[in-house]
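Here's upload32.cif, which has mmCIF, C-alpha atoms:
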```
data_work
#
loop_
_atom_site.group_PDB
_atom_site.id
_atom_site.type_symbol
_atom_site.label_atom_id
_atom_site.label_comp_id
_atom_site.auth_asym_id
_atom_site.auth_seq_id
_atom_site.Cartn_x
_atom_site.Cartn_y
_atom_site.Cartn_z
ATOM 1 C CA MET S 130 -44.095 47.050 114.545
ATOM 2 C CA ASP S 131 -42.919 50.628 114.051
ATOM 3 C CA THR S 132 -39.771 50.945 116.180
ATOM 4 C CA THR S 133 -39.958 54.735 115.948
ATOM 5 C CA GLU S 134 -43.378 54.607 117.586
ATOM 6 C CA VAL S 135 -41.994 52.325 120.306
ATOM 7 C CA ASP S 136 -39.152 54.789 120.948
ATOM 8 C CA THR S 137 -41.634 57.655 121.173
ATOM 9 C CA VAL S 138 -43.715 55.769 123.732
ATOM 10 C CA LEU S 139 -40.553 54.922 125.674
ATOM 11 C CA ASP S 140 -39.566 58.590 125.834
ATOM 12 C CA ARG S 141 -43.020 59.501 127.173
ATOM 13 C CA LEU S 142 -42.839 56.746 129.789
ATOM 14 C CA LEU S 143 -39.424 57.919 130.942
ATOM 15 C CA ALA S 144 -40.745 61.468 131.294
ATOM 16 C CA GLN S 145 -43.820 60.244 133.179
ATOM 17 C CA HIS S 146 -41.637 58.151 135.494
ATOM 18 C CA GLY S 147 -39.125 60.976 135.945
ATOM 19 C CA ALA S 148 -36.187 58.833 134.877
ATOM 20 C CA SER S 149 -33.367 58.666 132.362
ATOM 21 C CA LEU S 150 -32.364 55.577 130.397
ATOM 22 C CA ALA S 151 -28.998 53.878 130.814
ATOM 23 C CA GLU S 152 -29.512 50.522 129.053
ATOM 24 C CA ARG S 153 -32.145 48.449 127.206
ATOM 25 C CA LEU S 154 -31.967 44.673 127.621
ATOM 26 C CA PRO S 155 -34.461 42.653 125.531
ATOM 27 C CA ILE S 156 -36.183 39.803 127.369
ATOM 28 C CA ARG S 157 -38.668 38.649 124.717
ATOM 29 C CA VAL S 158 -39.469 40.574 121.557
ATOM 30 C CA TRP S 159 -42.070 39.476 119.008
ATOM 31 C CA GLU S 160 -43.382 41.081 115.845
ATOM 32 C CA ARG S 161 -46.379 42.645 117.629
ATOM 33 C CA SER S 162 -45.116 43.092 121.178
ATOM 34 C CA GLY S 163 -42.016 43.120 123.319
ATOM 35 C CA VAL S 164 -40.695 42.912 126.860
ATOM 36 C CA GLU S 165 -37.420 44.555 127.863
ATOM 37 C CA ARG S 166 -35.587 45.211 131.110
ATOM 38 C CA LEU S 167 -34.463 48.817 131.378
ATOM 39 C CA ARG S 168 -31.617 50.003 133.532
ATOM 40 C CA LEU S 169 -32.340 53.583 134.536
ATOM 41 C CA GLY S 170 -29.947 56.410 135.264
ATOM 42 C CA ASP S 171 -30.302 55.983 139.045
ATOM 43 C CA GLY S 172 -29.302 52.299 138.841
ATOM 44 C CA THR S 173 -32.801 50.863 139.337
ATOM 45 C CA THR S 174 -34.525 48.631 136.803
ATOM 46 C CA VAL S 175 -38.045 48.430 135.383
ATOM 47 C CA VAL S 176 -39.685 46.173 132.831
ATOM 48 C CA PHE S 177 -40.779 47.922 129.628
ATOM 49 C CA LYS S 178 -43.669 46.144 127.926
ATOM 50 C CA TYR S 179 -45.206 47.312 124.662
ATOM 51 C CA ALA S 180 -47.833 45.859 122.345
ATOM 52 C CA GLU S 181 -50.124 46.759 119.475
ATOM 53 C CA GLY S 182 -53.504 45.703 118.115
ATOM 54 C CA PRO S 183 -55.580 43.302 120.229
ATOM 55 C CA PHE S 184 -52.797 43.204 122.837
ATOM 56 C CA ALA S 185 -52.892 46.937 123.537
ATOM 57 C CA ASP S 186 -55.384 47.041 126.399
ATOM 58 C CA GLU S 187 -53.534 44.950 128.960
ATOM 59 C CA HIS S 188 -53.363 47.906 131.338
ATOM 60 C CA ILE S 189 -57.163 47.659 131.737
ATOM 61 C CA ALA S 190 -56.983 43.988 132.699
ATOM 62 C CA LEU S 191 -54.097 44.703 135.087
ATOM 63 C CA ASP S 192 -56.143 47.431 136.775
ATOM 64 C CA ILE S 193 -59.035 45.011 137.237
ATOM 65 C CA ALA S 194 -56.750 42.276 138.548
ATOM 66 C CA GLN S 195 -54.958 44.580 140.976
ATOM 67 C CA GLY S 196 -58.262 46.011 142.185
ATOM 68 C CA ALA S 197 -59.425 42.476 142.959
ATOM 69 C CA GLY S 198 -56.286 41.790 144.986
ATOM 70 C CA LEU S 199 -54.600 39.476 142.496
ATOM 71 C CA PRO S 200 -50.779 39.402 142.568
ATOM 72 C CA VAL S 201 -49.779 41.282 139.419
ATOM 73 C CA PRO S 202 -46.739 43.486 138.791
ATOM 74 C CA ARG S 203 -47.230 47.154 139.779
ATOM 75 C CA ARG S 204 -47.672 49.528 136.875
ATOM 76 C CA LEU S 205 -45.226 52.409 137.279
ATOM 77 C CA ALA S 206 -46.179 54.340 134.126
ATOM 78 C CA VAL S 207 -48.620 53.803 131.258
ATOM 79 C CA VAL S 208 -48.892 55.406 127.816
ATOM 80 C CA ARG S 209 -51.712 54.372 125.459
ATOM 81 C CA ARG S 210 -51.519 55.704 121.917
ATOM 82 C CA PRO S 211 -54.123 54.826 119.237
ATOM 83 C CA ASP S 212 -52.166 51.815 117.993
ATOM 84 C CA LEU S 213 -49.705 51.036 120.779
ATOM 85 C CA LEU S 214 -49.598 50.437 124.529
ATOM 86 C CA GLY S 215 -46.440 51.027 126.546
ATOM 87 C CA MET S 216 -46.006 50.267 130.244
ATOM 88 C CA PHE S 217 -43.303 50.393 132.873
ATOM 89 C CA LEU S 218 -43.852 47.490 135.242
ATOM 90 C CA GLU S 219 -42.263 46.499 138.502
ATOM 91 C CA ASP S 220 -39.187 44.343 137.831
ATOM 92 C CA LEU S 221 -39.855 41.007 139.540
ATOM 93 C CA GLY S 222 -36.341 39.760 138.828
ATOM 94 C CA PRO S 223 -35.445 36.293 137.551
ATOM 95 C CA ALA S 224 -37.792 33.379 138.125
ATOM 96 C CA LEU S 225 -36.550 30.928 140.732
ATOM 97 C CA ARG S 226 -38.291 27.965 139.116
ATOM 98 C CA GLU S 227 -40.998 27.076 136.603
ATOM 99 C CA ALA S 228 -44.556 27.119 137.859
ATOM 100 C CA THR S 229 -46.007 23.701 138.674
ATOM 101 C CA ASP S 230 -49.501 22.346 138.034
ATOM 102 C CA ASP S 231 -50.298 23.024 141.695
ATOM 103 C CA ASP S 232 -49.156 26.651 141.310
ATOM 104 C CA GLY S 233 -51.348 27.004 138.256
ATOM 105 C CA ALA S 234 -54.378 25.406 139.872
ATOM 106 C CA GLY S 235 -54.160 27.487 143.055
ATOM 107 C CA LEU S 236 -53.693 30.821 141.321
ATOM 108 C CA ALA S 237 -56.423 30.022 138.792
ATOM 109 C CA VAL S 238 -58.897 29.648 141.661
ATOM 110 C CA ALA S 239 -58.201 33.238 142.730
ATOM 111 C CA VAL S 240 -58.417 34.529 139.163
ATOM 112 C CA HIS S 241 -61.769 32.901 138.415
ATOM 113 C CA GLN S 242 -63.327 34.181 141.633
ATOM 114 C CA VAL S 243 -63.102 37.724 140.231
ATOM 115 C CA THR S 244 -66.488 38.577 138.716
ATOM 116 C CA ALA S 245 -66.292 42.392 138.566
ATOM 117 C CA THR S 246 -64.488 42.601 135.220
ATOM 118 C CA GLY S 247 -65.665 45.963 133.920
ATOM 119 C CA VAL S 248 -65.307 46.451 130.183
ATOM 120 C CA LEU S 249 -63.611 43.123 129.464
ATOM 121 C CA PRO S 250 -65.420 41.035 126.813
ATOM 122 C CA VAL S 251 -67.774 38.311 128.040
ATOM 123 C CA LEU S 252 -67.558 34.833 126.491
ATOM 124 C CA ASN S 253 -70.949 33.282 127.197
ATOM 125 C CA ALA S 254 -72.620 30.238 125.576
ATOM 126 C CA ARG S 255 -74.021 32.278 122.693
ATOM 127 C CA ARG S 256 -70.660 33.798 121.789
ATOM 128 C CA LEU S 257 -68.853 30.473 122.216
ATOM 129 C CA ALA S 258 -71.329 28.698 119.939
ATOM 130 C CA ALA S 259 -70.905 31.432 117.301
ATOM 131 C CA MET S 260 -67.150 30.876 116.947
ATOM 132 C CA PRO S 261 -67.218 27.929 114.511
ATOM 133 C CA ARG S 262 -69.458 29.853 112.079
ATOM 134 C CA ALA S 263 -67.103 32.846 112.224
ATOM 135 C CA ILE S 264 -64.194 30.493 111.531
ATOM 136 C CA VAL S 265 -66.030 29.021 108.530
ATOM 137 C CA ALA S 266 -66.608 32.509 107.145
ATOM 138 C CA ARG S 267 -62.949 33.526 107.526
ATOM 139 C CA LEU S 268 -61.593 30.289 106.076
ATOM 140 C CA SER S 269 -63.940 30.647 103.119
ATOM 141 C CA ARG S 270 -62.695 34.192 102.462
ATOM 142 C CA ILE S 271 -59.033 33.230 102.561
ATOM 143 C CA ASN S 272 -59.397 29.902 100.699
ATOM 144 C CA GLY S 273 -58.569 27.923 103.797
ATOM 145 C CA ASP S 274 -57.595 24.280 104.025
ATOM 146 C CA ALA S 275 -60.462 21.942 103.036
ATOM 147 C CA THR S 276 -59.930 19.626 106.005
ATOM 148 C CA GLY S 277 -60.054 22.495 108.469
ATOM 149 C CA LEU S 278 -63.120 23.955 106.760
ATOM 150 C CA GLU S 279 -64.916 20.608 106.965
ATOM 151 C CA ALA S 280 -64.120 20.331 110.680
ATOM 152 C CA ALA S 281 -65.288 23.910 111.294
ATOM 153 C CA ARG S 282 -68.612 23.193 109.552
ATOM 154 C CA ALA S 283 -69.112 20.078 111.657
ATOM 155 C CA LEU S 284 -68.357 22.084 114.779
ATOM 156 C CA ASP S 285 -70.840 24.748 113.706
ATOM 157 C CA GLU S 286 -73.603 22.147 113.405
ATOM 158 C CA ALA S 287 -72.865 20.807 116.892
ATOM 159 C CA ALA S 288 -72.020 24.134 118.537
ATOM 160 C CA ALA S 289 -75.337 25.090 120.106
ATOM 161 C CA GLY S 290 -75.655 21.822 122.004
ATOM 162 C CA ARG S 291 -72.002 21.510 122.910
ATOM 163 C CA ALA S 292 -71.896 25.071 124.317
ATOM 164 C CA ALA S 293 -74.398 24.095 127.017
ATOM 165 C CA GLY S 294 -72.956 24.539 130.501
ATOM 166 C CA THR S 295 -70.651 27.412 129.533
ATOM 167 C CA GLY S 296 -71.954 29.518 132.426
ATOM 168 C CA LEU S 297 -71.441 26.880 135.105
ATOM 169 C CA PRO S 298 -68.881 27.859 137.760
ATOM 170 C CA PRO S 299 -66.073 28.653 137.428
ATOM 171 C CA PHE S 300 -67.283 31.610 135.372
ATOM 172 C CA GLY S 301 -65.435 34.885 135.935
ATOM 173 C CA LEU S 302 -62.154 36.520 135.029
ATOM 174 C CA CYS S 303 -60.169 34.338 132.615
ATOM 175 C CA HIS S 304 -56.510 34.868 131.857
ATOM 176 C CA SER S 305 -56.905 33.325 128.350
ATOM 177 C CA GLU S 306 -53.237 32.332 127.904
ATOM 178 C CA TRP S 307 -52.798 30.318 131.078
ATOM 179 C CA HIS S 308 -49.386 28.677 130.755
ATOM 180 C CA PRO S 309 -46.564 28.028 133.244
ATOM 181 C CA THR S 310 -44.757 31.029 131.722
ATOM 182 C CA SER S 311 -47.683 33.241 132.809
ATOM 183 C CA VAL S 312 -46.918 32.540 136.473
ATOM 184 C CA HIS S 313 -43.716 34.104 137.822
ATOM 185 C CA VAL S 314 -42.266 32.456 140.922
ATOM 186 C CA GLY S 315 -39.562 34.776 142.251
ATOM 187 C CA GLU S 316 -37.973 36.166 145.382
ATOM 188 C CA THR S 317 -40.971 38.422 146.053
ATOM 189 C CA GLY S 318 -43.520 35.620 145.677
ATOM 190 C CA VAL S 319 -45.843 34.345 142.957
ATOM 191 C CA HIS S 320 -47.168 36.821 140.392
ATOM 192 C CA LEU S 321 -49.542 36.660 137.453
ATOM 193 C CA LEU S 322 -48.231 37.858 134.074
ATOM 194 C CA ASP S 323 -49.503 38.491 130.537
ATOM 195 C CA LEU S 324 -53.160 39.455 130.851
ATOM 196 C CA ALA S 325 -53.379 41.088 127.427
ATOM 197 C CA ARG S 326 -56.291 38.936 126.218
ATOM 198 C CA ALA S 327 -58.203 38.500 129.478
ATOM 199 C CA PHE S 328 -61.980 38.109 129.311
ATOM 200 C CA HIS S 329 -64.966 37.103 131.468
ATOM 201 C CA GLY S 330 -65.971 33.513 130.778
ATOM 202 C CA PRO S 331 -65.625 29.813 131.609
ATOM 203 C CA GLY S 332 -62.548 29.212 133.745
ATOM 204 C CA LEU S 333 -62.185 25.691 132.367
ATOM 205 C CA LEU S 334 -60.746 27.234 129.198
ATOM 206 C CA ASP S 335 -57.863 28.551 131.303
ATOM 207 C CA LEU S 336 -57.256 25.126 132.791
ATOM 208 C CA ALA S 337 -57.294 23.606 129.291
ATOM 209 C CA SER S 338 -54.790 26.234 128.161
ATOM 210 C CA TRP S 339 -52.242 25.153 130.804
ATOM 211 C CA GLN S 340 -51.009 22.177 128.731
ATOM 212 C CA GLY S 341 -50.686 24.291 125.577
ATOM 213 C CA THR S 342 -51.766 23.406 122.048
ATOM 214 C CA VAL S 343 -48.544 22.047 120.539
ATOM 215 C CA THR S 344 -48.934 18.505 121.871
ATOM 216 C CA VAL S 345 -51.894 16.130 121.532
ATOM 217 C CA PRO S 346 -54.695 17.199 123.914
ATOM 218 C CA ASP S 347 -54.651 15.088 127.072
ATOM 219 C CA PRO S 348 -58.049 14.825 128.826
ATOM 220 C CA ASP S 349 -56.616 12.651 131.605
ATOM 221 C CA ARG S 350 -54.003 15.257 132.463
ATOM 222 C CA LEU S 351 -56.612 18.008 132.452
ATOM 223 C CA THR S 352 -58.897 15.926 134.669
ATOM 224 C CA GLY S 353 -56.040 15.739 137.181
ATOM 225 C CA LEU S 354 -55.570 19.515 136.990
ATOM 226 C CA ILE S 355 -59.305 20.056 137.527
ATOM 227 C CA GLU S 356 -59.157 17.885 140.649
ATOM 228 C CA ALA S 357 -56.132 19.859 141.908
ATOM 229 C CA TYR S 358 -58.076 23.061 141.174
ATOM 230 C CA ILE S 359 -61.047 21.858 143.236
ATOM 231 C CA ALA S 360 -58.716 20.767 146.055
ATOM 232 C CA ALA S 361 -57.235 24.302 146.026
ATOM 233 C CA GLY S 362 -60.680 25.818 146.600
ATOM 234 C CA GLY S 363 -62.238 25.867 143.133
ATOM 235 C CA PRO S 364 -65.944 25.063 142.758
ATOM 236 C CA GLU S 365 -66.873 21.386 142.596
ATOM 237 C CA THR S 366 -68.924 22.124 139.477
ATOM 238 C CA ALA S 367 -65.580 22.359 137.652
ATOM 239 C CA ARG S 368 -65.830 18.579 137.223
ATOM 240 C CA THR S 369 -69.474 18.662 136.036
ATOM 241 C CA ASP S 370 -70.257 17.446 132.518
ATOM 242 C CA ARG S 371 -71.036 20.164 129.974
ATOM 243 C CA GLY S 372 -72.725 19.911 126.617
ATOM 244 C CA GLY S 373 -73.134 16.165 127.128
ATOM 245 C CA LEU S 374 -69.374 15.669 127.544
ATOM 246 C CA PRO S 375 -66.942 15.175 130.443
ATOM 247 C CA ALA S 376 -65.577 18.499 131.660
ATOM 248 C CA ALA S 377 -62.026 17.850 130.409
ATOM 249 C CA ARG S 378 -63.077 16.951 126.854
ATOM 250 C CA TRP S 379 -65.471 19.920 126.761
ATOM 251 C CA ALA S 380 -62.773 22.331 127.912
ATOM 252 C CA LEU S 381 -60.039 21.037 125.623
ATOM 253 C CA GLY S 382 -62.378 20.985 122.633
ATOM 254 C CA TRP S 383 -63.678 24.506 123.121
ATOM 255 C CA HIS S 384 -60.199 25.794 123.884
ATOM 256 C CA ARG S 385 -59.078 24.462 120.487
ATOM 257 C CA VAL S 386 -62.015 26.276 118.886
ATOM 258 C CA TRP S 387 -61.067 29.437 120.774
ATOM 259 C CA ALA S 388 -57.462 29.133 119.525
ATOM 260 C CA ALA S 389 -58.585 28.553 115.919
ATOM 261 C CA ASP S 390 -60.871 31.577 116.139
ATOM 262 C CA TRP S 391 -57.936 33.719 117.271
ATOM 263 C CA PHE S 392 -55.592 32.427 114.547
ATOM 264 C CA THR S 393 -58.133 32.876 111.759
ATOM 265 C CA HIS S 394 -58.827 36.400 113.005
ATOM 266 C CA GLN S 395 -55.116 37.195 112.808
ATOM 267 C CA MET S 396 -54.905 35.760 109.298
ATOM 268 C CA ALA S 397 -57.890 37.859 108.255
ATOM 269 C CA ILE S 398 -56.160 41.076 109.389
ATOM 270 C CA GLY S 399 -52.905 40.154 107.669
ATOM 271 C CA TRP S 400 -50.806 39.224 110.675
ATOM 272 C CA ALA S 401 -49.698 35.906 109.166
ATOM 273 C CA ALA S 402 -48.134 37.399 106.046
ATOM 274 C CA GLY S 403 -45.308 35.145 104.865
ATOM 275 C CA ALA S 404 -46.271 32.298 107.200
ATOM 276 C CA GLU S 405 -49.723 31.422 105.891
ATOM 277 C CA GLU S 406 -49.014 27.715 105.437
ATOM 278 C CA THR S 407 -47.684 27.329 108.989
ATOM 279 C CA TRP S 408 -50.667 29.138 110.458
ATOM 280 C CA MET S 409 -53.151 27.203 108.332
ATOM 281 C CA ASN S 410 -51.610 23.919 109.432
ATOM 282 C CA ALA S 411 -52.043 24.963 113.071
ATOM 283 C CA ILE S 412 -55.646 26.047 112.474
ATOM 284 C CA THR S 413 -56.495 22.760 110.784
ATOM 285 C CA ARG S 414 -54.931 20.781 113.620
ATOM 286 C CA HIS S 415 -56.850 22.775 116.235
ATOM 287 C CA LEU S 416 -60.146 22.313 114.394
ATOM 288 C CA THR S 417 -59.742 18.588 113.801
ATOM 289 C CA ASP S 418 -58.729 18.113 117.458
ATOM 290 C CA ALA S 419 -61.784 20.131 118.512
ATOM 291 C CA ALA S 420 -64.147 18.137 116.303
ATOM 292 C CA ASP S 421 -62.829 14.912 117.813
ATOM 293 C CA LEU S 422 -62.981 16.150 121.424
ATOM 294 C CA LEU S 423 -66.475 17.625 121.029
ATOM 295 C CA ASP S 424 -67.806 14.652 119.031
ATOM 296 C CA ALA S 425 -68.833 17.006 116.231
#
```
Could I get this structure in the form of structure tokens?
Amino acid sequence: MDTTEVDTVLDRLLAQHGASLAERLPIRVWERSGVERLRLGDGTTVVFKYAEGPFADEHIALDIAQGAGLPVPRRLAVVRRPDLLGMFLEDLGPALREATDDDGAGLAVAVHQVTATGVLPVLNARRLAAMPRAIVARLSRINGDATGLEAARALDEAAAGRAAGTGLPPFGLCHSEWHPTSVHVGETGVHLLDLARAFHGPGLLDLASWQGTVTVPDPDRLTGLIEAYIAAGGPETARTDRGGLPAARWALGWHRVWAADWFTHQMAIGWAAGAEETWMNAITRHLTDAADLLDA
């Protein structure tokens, strides 16, 4: 990321907010995005978040979420340049504790009830079923791992049938990176963070995302989360079989496909430069997990 561009955006945000800068304190900084706490000249603090590429439209998702009454940080200033988004957000302070499964289930109910999602992309059955073929094409172009390519081809053959039931409730606003770190439990209450890749689609993918993709997928754990989600007010159809599979296996399998699609897209645009082997190993693992979960 061009740090000069980030500094330029920061200067514009300060001017828009009518503030001067006293101190920058990094919270989390990645190659394509960053989060910092800024101490301003008047002694107050704000969170400075910046991102490029596919992450650069989070302000749109935050507007939609706030308009629907979801608890998201207030946006104090926004600057969107062609290749970079910068925002000043309300400083929620330190988290008091990590979000629990019950926190995640309850807040997910509110998120998925939002159906007016404006310009956000829609992930319906047709688009879901098309992902394995897109993955095959990308892996073929970049000479991808043979095992991953074989799994992607098997998934492509099974995709149309396994995508059945995508539109069953819950089907609405999806966070897309639903992890305990995306829920901030602080002194001012519970807030939803990190909506950069939000879309309109099957809420079960969010619930599958909660356990992450580093460990072996756990259908039993996800089944428990689905039941907690229903108990918190989610639709009972969340437990309905889809594509001939139990809801938990369907969700975990398609979430792995969704993750592999995202990683292969990033490799195709050069974002994995220098770490190709690590990324390819992750893609292969996601695809083989997905083929197993979806009986492809």
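Residues lying within 12 Å of (-41.2, 56.9, 122.3). Counted over only C-alpha atoms, they are Asp131, Thr132, Thr133, Glu134, Val135, Asp136, Thr137, Val138, Leu139, Asp140, Arg141, Leu142, Leu143, Ala144, Gln145, Phe177, Tyr179, Val208, Arg209, Arg210, Leu213, Leu214, Gly215 and Met216 of chain S.
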Generate a file of the selected residues that holds C-alpha atoms, formatted as a short mmCIF file (atom, residue, chain, number, x, y, z; two decimals), in the frame of the given file.
```cif
data_model
loop_
_atom_site.label_atom_id
_atom_site.label_comp_id
_atom_site.auth_asym_id
_atom_site.auth_seq_id
_atom_site.Cartn_x
_atom_site.Cartn_y
_atom_site.Cartn_z
CA ASP S 131 -42.92 50.63 114.05
CA THR S 132 -39.77 50.94 116.18
CA THR S 133 -39.96 54.74 115.95
CA GLU S 134 -43.38 54.61 117.59
CA VAL S 135 -41.99 52.32 120.31
CA ASP S 136 -39.15 54.79 120.95
CA THR S 137 -41.63 57.66 121.17
CA VAL S 138 -43.72 55.77 123.73
CA LEU S 139 -40.55 54.92 125.67
CA ASP S 140 -39.57 58.59 125.83
CA ARG S 141 -43.02 59.50 127.17
CA LEU S 142 -42.84 56.75 129.79
CA LEU S 143 -39.42 57.92 130.94
CA ALA S 144 -40.74 61.47 131.29
CA GLN S 145 -43.82 60.24 133.18
CA PHE S 177 -40.78 47.92 129.63
CA TYR S 179 -45.21 47.31 124.66
CA VAL S 208 -48.89 55.41 127.82
CA ARG S 209 -51.71 54.37 125.46
CA ARG S 210 -51.52 55.70 121.92
CA LEU S 213 -49.70 51.04 120.78
CA LEU S 214 -49.60 50.44 124.53
CA GLY S 215 -46.44 51.03 126.55
CA MET S 216 -46.01 50.27 130.24
#
```
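Going from CA of Gly315 in chain S over to CA of Gly301 in chain S, you cover 26.6 Å.
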Write out as a ChimeraX atom specification which residues come within 8 Å of range 231-237 of chain S when counting only C-alpha atoms, dropping same-chain ones fewer than 4 positions away. /S:241,308-309,312,332,335-336,339,354-355,357-358,361-362
Selection near Ala327 in chain S, 9 Å with only C-alpha atoms, sequence-local residues under 4 positions removed, as number ranges by chain: S: 187, 190, 249-250, 302-306, 323
Based on the selection just made, write C-alpha atoms of those residues as a PDB file, keeping the file's coordinate frame.
```
ATOM      1  CA  GLU S 187     -53.534  44.950 128.960  1.00  0.00           C
ATOM      2  CA  ALA S 190     -56.983  43.988 132.699  1.00  0.00           C
ATOM      3  CA  LEU S 249     -63.611  43.123 129.464  1.00  0.00           C
ATOM      4  CA  PRO S 250     -65.420  41.035 126.813  1.00  0.00           C
ATOM      5  CA  LEU S 302     -62.154  36.520 135.029  1.00  0.00           C
ATOM      6  CA  CYS S 303     -60.169  34.338 132.615  1.00  0.00           C
ATOM      7  CA  HIS S 304     -56.510  34.868 131.857  1.00  0.00           C
ATOM      8  CA  SER S 305     -56.905  33.325 128.350  1.00  0.00           C
ATOM      9  CA  GLU S 306     -53.237  32.332 127.904  1.00  0.00           C
ATOM     10  CA  ASP S 323     -49.503  38.491 130.537  1.00  0.00           C
TER      11      ASP S 323
END
```
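Among the candidate residues S:Ala266, S:Leu324, S:Ala258, S:Leu167, the one lying nearest to Pro202 in chain S is S:Leu324, with distances computed using all atoms listed in the file.
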Residue members of the PyMOL selection byres ((chain S and resi 196-200) around 7) in the file shown, as a compact mmCIF listing (two decimals) with C-alpha atoms, keeping the file's coordinate frame:
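Saved file expr-v2.txt follows:
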```
# COMPACT_ATOMS: atom_id res chain seq x y z
CA ASP S 192 -56.14 47.43 136.78
CA ILE S 193 -59.04 45.01 137.24
CA ALA S 194 -56.75 42.28 138.55
CA GLN S 195 -54.96 44.58 140.98
CA VAL S 201 -49.78 41.28 139.42
CA PRO S 202 -46.74 43.49 138.79
CA VAL S 243 -63.10 37.72 140.23
CA HIS S 320 -47.17 36.82 140.39
CA LEU S 321 -49.54 36.66 137.45
```
Missing atoms of range 338-349 of chain S rebuilt to N, CA, C and O atoms, written as an mmCIF file, in the frame of the given file:
```
data_model
loop_
_atom_site.group_PDB
_atom_site.id
_atom_site.type_symbol
_atom_site.label_atom_id
_atom_site.label_comp_id
_atom_site.auth_asym_id
_atom_site.auth_seq_id
_atom_site.Cartn_x
_atom_site.Cartn_y
_atom_site.Cartn_z
ATOM 1 N N SER S 338 -55.918 25.526 128.773
ATOM 2 C CA SER S 338 -54.790 26.234 128.161
ATOM 3 C C SER S 338 -53.457 25.858 128.793
ATOM 4 O O SER S 338 -52.404 25.985 128.159
ATOM 5 N N TRP S 339 -53.477 25.396 130.054
ATOM 6 C CA TRP S 339 -52.242 25.153 130.804
ATOM 7 C C TRP S 339 -51.315 24.184 130.092
ATOM 8 O O TRP S 339 -50.096 24.332 130.136
ATOM 9 N N GLN S 340 -51.864 23.166 129.396
ATOM 10 C CA GLN S 340 -51.009 22.177 128.731
ATOM 11 C C GLN S 340 -50.616 22.600 127.310
ATOM 12 O O GLN S 340 -49.910 21.879 126.622
ATOM 13 N N GLY S 341 -51.073 23.784 126.886
ATOM 14 C CA GLY S 341 -50.686 24.291 125.577
ATOM 15 C C GLY S 341 -51.429 23.598 124.453
ATOM 16 O O GLY S 341 -52.267 22.723 124.672
ATOM 17 N N THR S 342 -51.091 23.976 123.217
ATOM 18 C CA THR S 342 -51.766 23.406 122.048
ATOM 19 C C THR S 342 -50.795 22.760 121.063
ATOM 20 O O THR S 342 -51.195 22.372 119.968
ATOM 21 N N VAL S 343 -49.533 22.637 121.447
ATOM 22 C CA VAL S 343 -48.544 22.047 120.539
ATOM 23 C C VAL S 343 -48.629 20.530 120.561
ATOM 24 O O VAL S 343 -48.515 19.866 119.529
ATOM 25 N N THR S 344 -48.853 19.951 121.736
ATOM 26 C CA THR S 344 -48.934 18.505 121.871
ATOM 27 C C THR S 344 -50.382 18.035 121.710
ATOM 28 O O THR S 344 -51.318 18.839 121.677
ATOM 29 N N VAL S 345 -50.551 16.718 121.635
ATOM 30 C CA VAL S 345 -51.894 16.130 121.532
ATOM 31 C C VAL S 345 -52.669 16.436 122.803
ATOM 32 O O VAL S 345 -52.130 16.303 123.913
ATOM 33 N N PRO S 346 -53.920 16.893 122.711
ATOM 34 C CA PRO S 346 -54.695 17.199 123.914
ATOM 35 C C PRO S 346 -54.839 15.969 124.807
ATOM 36 O O PRO S 346 -55.079 14.861 124.324
ATOM 37 N N ASP S 347 -54.698 16.187 126.110
ATOM 38 C CA ASP S 347 -54.651 15.088 127.072
ATOM 39 C C ASP S 347 -55.769 15.257 128.106
ATOM 40 O O ASP S 347 -55.573 15.910 129.135
ATOM 41 N N PRO S 348 -56.950 14.683 127.870
ATOM 42 C CA PRO S 348 -58.049 14.825 128.826
ATOM 43 C C PRO S 348 -57.725 14.285 130.213
ATOM 44 O O PRO S 348 -58.183 14.848 131.214
ATOM 45 N N ASP S 349 -56.949 13.205 130.290
ATOM 46 C CA ASP S 349 -56.616 12.651 131.605
ATOM 47 C C ASP S 349 -55.780 13.635 132.416
ATOM 48 O O ASP S 349 -56.001 13.812 133.620
#
```
